[in-house]
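Notes follow the structure.
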Amino acid sequence: MKYPYITAPDSILKEAEKAMSFYPALKNTEIEFKFNDMVRKNFMQAQPTYKSIFRSKENRSYIILISKEFKVENEIFTINEIPSDVLTGWLGHELGHVMDYRSRSTIDMIFFGLKYLYSHAHIQEVERAADDYAVRHGMGEYILKTKEFILNHTSLSEKYKKHMRKFYLSPEEILELINRYGETGETPSKEELAPQPNSH
């Protein structure tokens with residue numbers, strides 16, 4: 001296995017490993033991709049594991065919860081409807097969250113979680129940052145396919161698409177970032193890949 005520290009269902013292992021390949025800094029990070037029907041609001045959700053939240057940020061482990069079915073109003077949207085590249089981009093967005101989390105202290109993570117519950121501005125900042133991490137690490141093409149799939153999917157309601165437009169980067173903004181960061185596959189700096197704690 002390319003990534004001995006990740007676990008994922010066989011049905012999405014190929015896409016999980018593809019998304020991981022864009023984040024070399026996460027190679028030795030324990031990450032579990034897990035199907036879970038309790039994901040709220042979104043199709044996927046990344047978070048530190050409860051057992052590791054109080055560890056140093058370099059030693060945390062993470063779980064990415066994925067719903068096999070996602071109900072939007074009266075429509076049921078299943079993971080089987082998602083093309084491979086789109087799923088790779090979706091997982092890459094979640095790994096962008098992991099990159100964000102691993103730069104934060106434990107106390108910062110606790111306040112981070114609380115703010116996510118009640119601040120729309122914070123949600124927008126967090127979700128756009130995850131998109132930014134993904135594009136910066138060379139996943140622009142995949143993130144763009146994911147956005148276009150969601151916004152053009154006929155079975156997803158306009159209400160949900162409006163939510164996506166409000167909190168996430170638009171396809172136009174993704175293209176701007178791709179141009180800003182250069183060719184897809186650009187190698188980020190060491191500082192971007194592995195934020196270090198402040199010196200004491």
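Residues are referred to by chain and number: the chain letter is A, B, ... according to the order shown in the structure tokens, the number counts from 1 in that chain, and ligands are numbered separately from 1 in the order shown.
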Shell around range 158-175 of chain A at 6 Å using only C-alpha atoms, local window under 3 positions removed, as a ChimeraX atom specification: /A:124,127-128,144,151,178
Quick one: DSSP helix (DSSP H, G or I) residues in chain A, as a ChimeraX atom specification? /A:10-20,24-26,50-52,57-59,79-81,84-101,106-118,120-152,158-167,171-181,190-193
Can you list, as a list in words, every protein, DNA or RNA residue that comes within 8 Å of Phe33 in chain A when you count only C-alpha atoms, leaving out same-chain residues fewer than 2 positions away?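 In the requested form, the answer reads Ile6, Thr7, Ala8, Pro9, Ala16, Ile31, Phe35, Ile63, Ile64, Leu65 and Ile66 of chain A.
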Selection above as a file: C-alpha atoms, as a compact mmCIF listing (two decimals), in the first residue's frame:
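As a result, out.txt now contains:
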```
# COMPACT_ATOMS: atom_id res chain seq x y z
CA ILE A 6 -4.38 5.66 5.81
CA THR A 7 -7.39 3.36 5.83
CA ALA A 8 -10.25 3.57 3.35
CA PRO A 9 -13.05 1.39 2.00
CA ALA A 16 -8.18 8.43 -1.62
CA ILE A 31 -6.04 9.36 8.29
CA PHE A 35 -18.45 5.81 5.43
CA ILE A 63 -10.98 10.96 10.19
CA ILE A 64 -12.83 11.92 7.02
CA LEU A 65 -16.48 10.92 7.30
CA ILE A 66 -18.25 10.23 4.01
```
Just asking: which residues within chain A are strand (DSSP E) according to DSSP, as an NGL selection string? :A and (6-7 or 31-35 or 44-48 or 62-66 or 69-72 or 75-78)
Which residues are close to Ile143 in chain A, i.e. within 8 Å by only C-alpha atoms, leaving aside same-chain residues fewer than 2 positions away? Reply as a PyMOL selection string. chain A and resi 86+89-90+92-93+131+134-135+139-141+145-147+174
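Pairwise distance (CA of Gln47 in chain A, CA of Tyr101 in chain A) equals 8.1 Å.
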Listing only residues of range 64-108 of chain A within 9 Å of range 10-13 of chain A, what is the closest atom pair and its distance in Å (to one decimal) for each, using only C-alpha atoms, sorted by chain and residue number ascending, as a Markdown table?
```
| residue | atom | partner | partner_atom | distance |
| --- | --- | --- | --- | --- |
| A:Ser84 | CA | A:Ile12 | CA | 8.7 |
| A:Leu87 | CA | A:Ile12 | CA | 8.3 |
| A:Thr88 | CA | A:Ile12 | CA | 8.9 |
```
Find the residues near Phe112 in chain A: any atom within 12 Å, counting only C-alpha atoms, skip ones fewer than 6 places away on the same chain, and give them as number ranges by chain. A: 47-48, 97, 100-101, 104-106, 118-119, 122-123, 125-126
Store the residues picked out above in a file with N, CA, C and O atoms, as a PDB file, in the first residue's frame.
```
ATOM      1  N   GLN A  47     -12.209  15.824  10.392  1.00  0.00           N
ATOM      2  CA  GLN A  47     -12.002  16.290  11.768  1.00  0.00           C
ATOM      3  C   GLN A  47     -10.894  15.481  12.430  1.00  0.00           C
ATOM      4  O   GLN A  47     -10.603  14.357  12.022  1.00  0.00           O
ATOM      5  N   PRO A  48     -10.261  16.055  13.460  1.00  0.00           N
ATOM      6  CA  PRO A  48      -9.291  15.266  14.227  1.00  0.00           C
ATOM      7  C   PRO A  48     -10.030  14.158  14.963  1.00  0.00           C
ATOM      8  O   PRO A  48     -11.210  14.306  15.304  1.00  0.00           O
ATOM      9  N   HIS A  97      -8.647  20.590   4.458  1.00  0.00           N
ATOM     10  CA  HIS A  97      -9.011  20.864   5.856  1.00  0.00           C
ATOM     11  C   HIS A  97      -7.974  20.275   6.809  1.00  0.00           C
ATOM     12  O   HIS A  97      -7.582  20.910   7.795  1.00  0.00           O
ATOM     13  N   ASP A 100      -5.044  22.408   7.060  1.00  0.00           N
ATOM     14  CA  ASP A 100      -5.363  23.576   7.890  1.00  0.00           C
ATOM     15  C   ASP A 100      -5.310  23.195   9.366  1.00  0.00           C
ATOM     16  O   ASP A 100      -4.676  23.874  10.184  1.00  0.00           O
ATOM     17  N   TYR A 101      -5.947  22.069   9.720  1.00  0.00           N
ATOM     18  CA  TYR A 101      -6.011  21.655  11.116  1.00  0.00           C
ATOM     19  C   TYR A 101      -4.630  21.390  11.706  1.00  0.00           C
ATOM     20  O   TYR A 101      -4.367  21.689  12.874  1.00  0.00           O
ATOM     21  N   ARG A 104      -2.758  24.076  13.535  1.00  0.00           N
ATOM     22  CA  ARG A 104      -3.404  24.729  14.673  1.00  0.00           C
ATOM     23  C   ARG A 104      -3.125  23.993  15.990  1.00  0.00           C
ATOM     24  O   ARG A 104      -3.083  22.771  16.028  1.00  0.00           O
ATOM     25  N   SER A 105      -3.005  24.763  17.048  1.00  0.00           N
ATOM     26  CA  SER A 105      -2.819  24.185  18.378  1.00  0.00           C
ATOM     27  C   SER A 105      -4.136  23.580  18.857  1.00  0.00           C
ATOM     28  O   SER A 105      -5.199  23.817  18.278  1.00  0.00           O
ATOM     29  N   THR A 106      -4.076  22.819  19.950  1.00  0.00           N
ATOM     30  CA  THR A 106      -5.281  22.188  20.497  1.00  0.00           C
ATOM     31  C   THR A 106      -6.321  23.229  20.895  1.00  0.00           C
ATOM     32  O   THR A 106      -7.501  23.112  20.551  1.00  0.00           O
ATOM     33  N   TYR A 118     -21.577  28.463  14.795  1.00  0.00           N
ATOM     34  CA  TYR A 118     -22.479  29.615  14.796  1.00  0.00           C
ATOM     35  C   TYR A 118     -22.076  30.773  13.882  1.00  0.00           C
ATOM     36  O   TYR A 118     -22.846  31.722  13.721  1.00  0.00           O
ATOM     37  N   SER A 119     -20.896  30.722  13.285  1.00  0.00           N
ATOM     38  CA  SER A 119     -20.448  31.859  12.483  1.00  0.00           C
ATOM     39  C   SER A 119     -20.402  31.517  10.999  1.00  0.00           C
ATOM     40  O   SER A 119     -19.564  30.729  10.561  1.00  0.00           O
ATOM     41  N   HIS A 122     -17.124  32.478   9.482  1.00  0.00           N
ATOM     42  CA  HIS A 122     -16.053  31.523   9.786  1.00  0.00           C
ATOM     43  C   HIS A 122     -16.155  30.300   8.878  1.00  0.00           C
ATOM     44  O   HIS A 122     -15.141  29.816   8.357  1.00  0.00           O
ATOM     45  N   ILE A 123     -17.364  29.802   8.652  1.00  0.00           N
ATOM     46  CA  ILE A 123     -17.557  28.657   7.763  1.00  0.00           C
ATOM     47  C   ILE A 123     -17.040  28.987   6.367  1.00  0.00           C
ATOM     48  O   ILE A 123     -16.318  28.202   5.744  1.00  0.00           O
ATOM     49  N   GLU A 125     -14.803  31.222   5.509  1.00  0.00           N
ATOM     50  CA  GLU A 125     -13.344  31.330   5.563  1.00  0.00           C
ATOM     51  C   GLU A 125     -12.682  29.944   5.550  1.00  0.00           C
ATOM     52  O   GLU A 125     -11.723  29.699   4.821  1.00  0.00           O
ATOM     53  N   VAL A 126     -13.229  29.028   6.344  1.00  0.00           N
ATOM     54  CA  VAL A 126     -12.671  27.684   6.478  1.00  0.00           C
ATOM     55  C   VAL A 126     -12.803  26.883   5.179  1.00  0.00           C
ATOM     56  O   VAL A 126     -11.853  26.229   4.738  1.00  0.00           O
TER      57      VAL A 126
END
```
I'd like the interatomic distance between CA of Ser67 in chain A and CA of Ile107 in chain A, to a tenth of an Å. 28.5 Å
